[in-house]
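S.K.: Before anything else, here's the structure in question.
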Amino acid sequence: MTTNKPLLPETRLDRSDERVDHQDNIFGLLRAYITRIKTGDLGMIPVVLGLIIISIVFTLLNPIYMAPNNLVNMLFDCATVGFISLGIVCVLLLGEIDLSVGSMSGLASAIIGVLWVNQGWSVVGAIAVALAVGAVVGLIYAELYSRLGMPSFVATLAGLLALLGMQLYILGPSGSINLPYVSPLVRFGQVLVMPGWMAHIFALLPGIVMLAQGFRTRTRRAAANLSCEPLSSLWARSLFMTAVFEFMVFYLNIGRGVPWVFGLFILVVVVLNYALKRTKWGRSMFAVGGNREAARRSGINVRGIYISAFMICSVLATTGGILAASRLASASQQAGTGDVNLNAIAAAVIGGTSLFGGRGSAYSALLGIIVIQCISNGLTLLNLPSSLRYMITGGVLAIAVIVDSVARRSRVTHGRA
């Protein structure tokens with residue numbers, strides 16, 4: 001008993017010294033980051049490197065690729081499928097899948113066209129009905145899974161066919177409904193951009209938020225006598241992020257500017273990511289995705305989590321369908337078909353959301369859909385056939401899944417899974 005008492009003060013001094021040394025040495029933070037990468041915690045490094053490579057290759061093949069107006073057009077296109085991909089992130093975090101998001105978006109566009117144009121409803125009322133239908137569809141999927149044990153793959157595959165049939169039925173023989181081009185909804189999806197000064201103000205916000213959160217984290221960790229990120233590193237990251245975003249806004253403003261629809265997409269990404277990372281609901285999502293039985297035993301309402309995830313997925317798919325209709329100024333039988341499902345699911349996976357559940361973020365959908373749209377736009381500028389676009393997108397998806405699988409094995413090996 002007496003031999004242990006002198007050791008306590010020394011142990012505390014050692015920990016305090018370690019904390020101070022780590023605060024004053026930025027190389028300690030760099031070593032910790034490299035260790036995370038070696039143990040399989042890659043974060044968004046693969047997708048960022050992929051974006052850089054894709055941009056360089058297509059710019060060399062066609063200089064128009066990096067023209068400001070072409071980038072603006074890509075942002076308009078990113079938002080529609082991006083909303084659908086955000087919903088996919090929610091169900092993938094649980095280790096599940098929703099194969100009907102494309103059909104749900106097509107049905108939403110059909111509802112908007114029929115109620116707004118054919119039936120004379122207000123556009124707000126038509127949007128409300130479409131969102132309500134999406135929420136009900138998500139609730140049905142969750143109940144089929146949690147109460148009847150039907151795999152989400154089977155339930156949503158059946159939903160894909162049923163929703164597609166409903167879309168064709170309500171559109172009727174004409175198969176297409178044109179939306180008023182001068183309406184605010186269509187203009188929002190096609191032409192409206194932010195004022196330049198406002199876009200620059202928004203570009204400042206990420207760096208400010210990062211700085212504020214960094215200071216708060218440092219204060220809490222210092223109070224707990226834990227190691228902290230060096231101030232120089234925190235300021236460097238914030239200033240670098242601000243400089244990158246400000247340059248992007250400056251470059252886009254040379255063309256038409258930053259689309260409002262893309263700004264709305266970014267806002268939803270930030271809100272959903274905050275909900276996933278900073279709320280009890282979000283922590284429960286990751287817990288259920290990591291180990292459903294352990295989450296149930298810890299008191300988490302597993303059924304409620306599944307209901308919320310599938311409902312959010314369907315509602316976001318509905319939102320994507322509404323924006324797609326506004327982008328095309330029409331609701332047709334082709335809406336939601338083709339590569340919509342592929343691109344939405346691929347974007348979530350390519351962006352870093354794990355197919356095995358328990359890992360991912362809302363930013364996965366943002367980065368992933370930018371990658372998908374960069375590939376699609378580049379191939380279109382090169383006048384290459386759509387068959388090649390499908391093959392290249394499939395190859396990128398396969399690479400993303402391989403990276404995810406290898407990283408997961410590395411985390412298991414190092415005890416970080």
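Identifiers in the structure tokens: chain A, B, ... in order shown; residue index from 1 per chain; ligand index from 1 in order shown.
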I'd like the contact shell of stretch 387-389 of chain A - 12 Å cut-off, only C-alpha atoms, skipping same-chain residues fewer than 6 positions apart - returned as a list in words.

M.R.: Gly338, Asp339, Leu342, Asn343, Ile372, Gln373, Cys374, Ile375, Ser376, Asn377, Gly378, Leu379, Thr380, Leu381, Gly395 and Val396 of chain A

S.K.: So which one's closest to A:Gly360, A:Gly149, A:Gly290, A:Gly138, A:Gly304? Using only C-alpha atoms, please.

M.R.: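 Closest to A:Gly360 of all the choices is A:Gly290.
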
S.K.: Given only C-alpha atoms as the basis, pick out the residue of A:Ile345, A:Ile52, A:Ala224, A:Leu160 nearest to A:Ile97.

M.R.: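 Looking at the shortest contact to A:Ile97, the residue is A:Ile345.
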
S.K.: Return as a PyMOL selection string the full set of residues in stretch 245-340 of chain A whose backbone-based DSSP assignment is helix (DSSP H, G or I).

M.R.: chain A and resi 245-254+260-278+280-290+292-297+302-328+340

S.K.: Using only C-alpha atoms, which of A:Val406, A:Ala347, A:Glu96, A:Val137 sits nearest A:Met150?

M.R.: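 So, comparing all the options, the nearest one is A:Glu96.
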
S.K.: Have a look at atom CA of A:Cys228 and atom CA of A:Val209 and let me know their distance in Å, one decimal.

M.R.: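 So the answer is 17.8 Å.
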
S.K.: Counting only C-alpha atoms, figure out which residue out of A:Pro206, A:Gly120, A:Gly113, A:Gly95 gets nearest to A:Pro151.

M.R.: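 Looking only at the distances to A:Pro151, the closest residue turns out to be A:Gly95.
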
S.K.: Measuring between only C-alpha atoms, which one of A:Val268, A:Leu276, A:Ile399, A:Met241 shows the shortest distance to A:Ile84?

M.R.: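 Using only C-alpha atoms, A:Ile84 sits closest to A:Val268.
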
S.K.: Skipping near chain neighbours, those fewer than 5 positions away, what residues fall within 8 Å of A:Ile305 using only C-alpha atoms, listed as an NGL selection string?

M.R.: :A and (281 or 284-285 or 288)

S.K.: For the selection just defined, write its residues with all heavy atoms to a file, as a compact mmCIF listing (two decimals), in the first residue's frame.

M.R.:
# COMPACT_ATOMS: atom_id res chain seq x y z
N TRP A 281 -30.10 10.99 -31.35
CA TRP A 281 -30.60 10.20 -32.49
C TRP A 281 -29.47 9.76 -33.40
O TRP A 281 -29.41 8.61 -33.83
CB TRP A 281 -31.61 11.03 -33.28
CG TRP A 281 -32.02 10.40 -34.57
CD1 TRP A 281 -32.93 9.39 -34.75
CD2 TRP A 281 -31.52 10.71 -35.88
NE1 TRP A 281 -33.03 9.07 -36.08
CE2 TRP A 281 -32.17 9.87 -36.80
CE3 TRP A 281 -30.57 11.63 -36.35
CZ2 TRP A 281 -31.93 9.90 -38.17
CZ3 TRP A 281 -30.32 11.67 -37.72
CH2 TRP A 281 -30.99 10.82 -38.61
N SER A 284 -27.43 7.05 -31.86
CA SER A 284 -28.18 5.80 -31.90
C SER A 284 -28.13 5.17 -33.29
O SER A 284 -28.08 3.95 -33.42
CB SER A 284 -29.64 6.06 -31.50
OG SER A 284 -29.73 6.56 -30.18
N MET A 285 -28.13 5.99 -34.32
CA MET A 285 -28.02 5.48 -35.69
C MET A 285 -26.72 4.70 -35.86
O MET A 285 -26.70 3.58 -36.39
CB MET A 285 -28.05 6.65 -36.68
CG MET A 285 -29.42 7.27 -36.88
SD MET A 285 -30.46 6.35 -38.04
CE MET A 285 -29.62 6.72 -39.58
N VAL A 288 -26.82 1.38 -33.75
CA VAL A 288 -27.62 0.32 -34.36
C VAL A 288 -26.92 -0.24 -35.58
O VAL A 288 -26.92 -1.46 -35.82
CB VAL A 288 -29.02 0.86 -34.74
CG1 VAL A 288 -29.81 -0.19 -35.52
CG2 VAL A 288 -29.79 1.26 -33.48

S.K.: Using only C-alpha atoms for the distances, tell me which of A:Ala317, A:Val154, A:Ala223, A:Ala309 is nearest to A:Leu92.

M.R.: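 For A:Leu92, the nearest of the given residues is A:Ala309.
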
S.K.: Using only C-alpha atoms, determine which residues lie at most 12 Å from A:Leu355, disregarding the query and same-chain residues fewer than 6 positions distant; provide the list as a list in words.

M.R.: Ile88, Val89, Cys90, Val91, Leu92, Leu93, Leu94, Gly95, Glu96, Ile97, Gly289, Gly290, Ile345, Ala346, Ala348, Val349, Leu397, Ala398, Ala400, Val401, Ile402, Val403, Asp404, Ser405 and Arg408 of chain A

S.K.: Please, what distance in Å, to one decimal, runs between atom CA of A:Ala331 and atom CA of A:Gln167?

M.R.: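 Distance reported for this atom pair: 9.8 Å.
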
S.K.: Find the spatial neighbours of A:Phe202, counting only C-alpha atoms, within a cut-off of 10 Å - ignore same-chain residues fewer than 3 positions away - and output them as a VMD selection string.

M.R.: chain A and resid 197 to 199 205 to 206 245 to 246 249 263

S.K.: Could the residues in this selection be written to a file with C-alpha atoms, as a PDB file, in the first residue's frame?

M.R.:
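Result went into result04.pdb, see below:
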ATOM      1  CA  TRP A 197     -21.552  39.053 -52.062  1.00  0.00           C
ATOM      2  CA  MET A 198     -23.906  36.601 -50.367  1.00  0.00           C
ATOM      3  CA  ALA A 199     -22.020  33.598 -51.736  1.00  0.00           C
ATOM      4  CA  LEU A 205     -18.989  30.258 -42.471  1.00  0.00           C
ATOM      5  CA  PRO A 206     -17.247  26.820 -42.614  1.00  0.00           C
ATOM      6  CA  PHE A 245     -14.093  28.097 -50.497  1.00  0.00           C
ATOM      7  CA  GLU A 246     -13.583  31.781 -51.234  1.00  0.00           C
ATOM      8  CA  VAL A 249     -16.975  31.152 -55.082  1.00  0.00           C
ATOM      9  CA  GLY A 263     -26.950  26.071 -51.576  1.00  0.00           C
TER      10      GLY A 263
END

S.K.: So that I can check the surroundings of A:Ile208, please list as a PyMOL selection string every protein, DNA and RNA residue that reaches within 10 Å of it, counting only C-alpha atoms and ignoring chain neighbours fewer than 3 positions away.

M.R.: chain A and resi 203-205+211-214+238-239+241-242
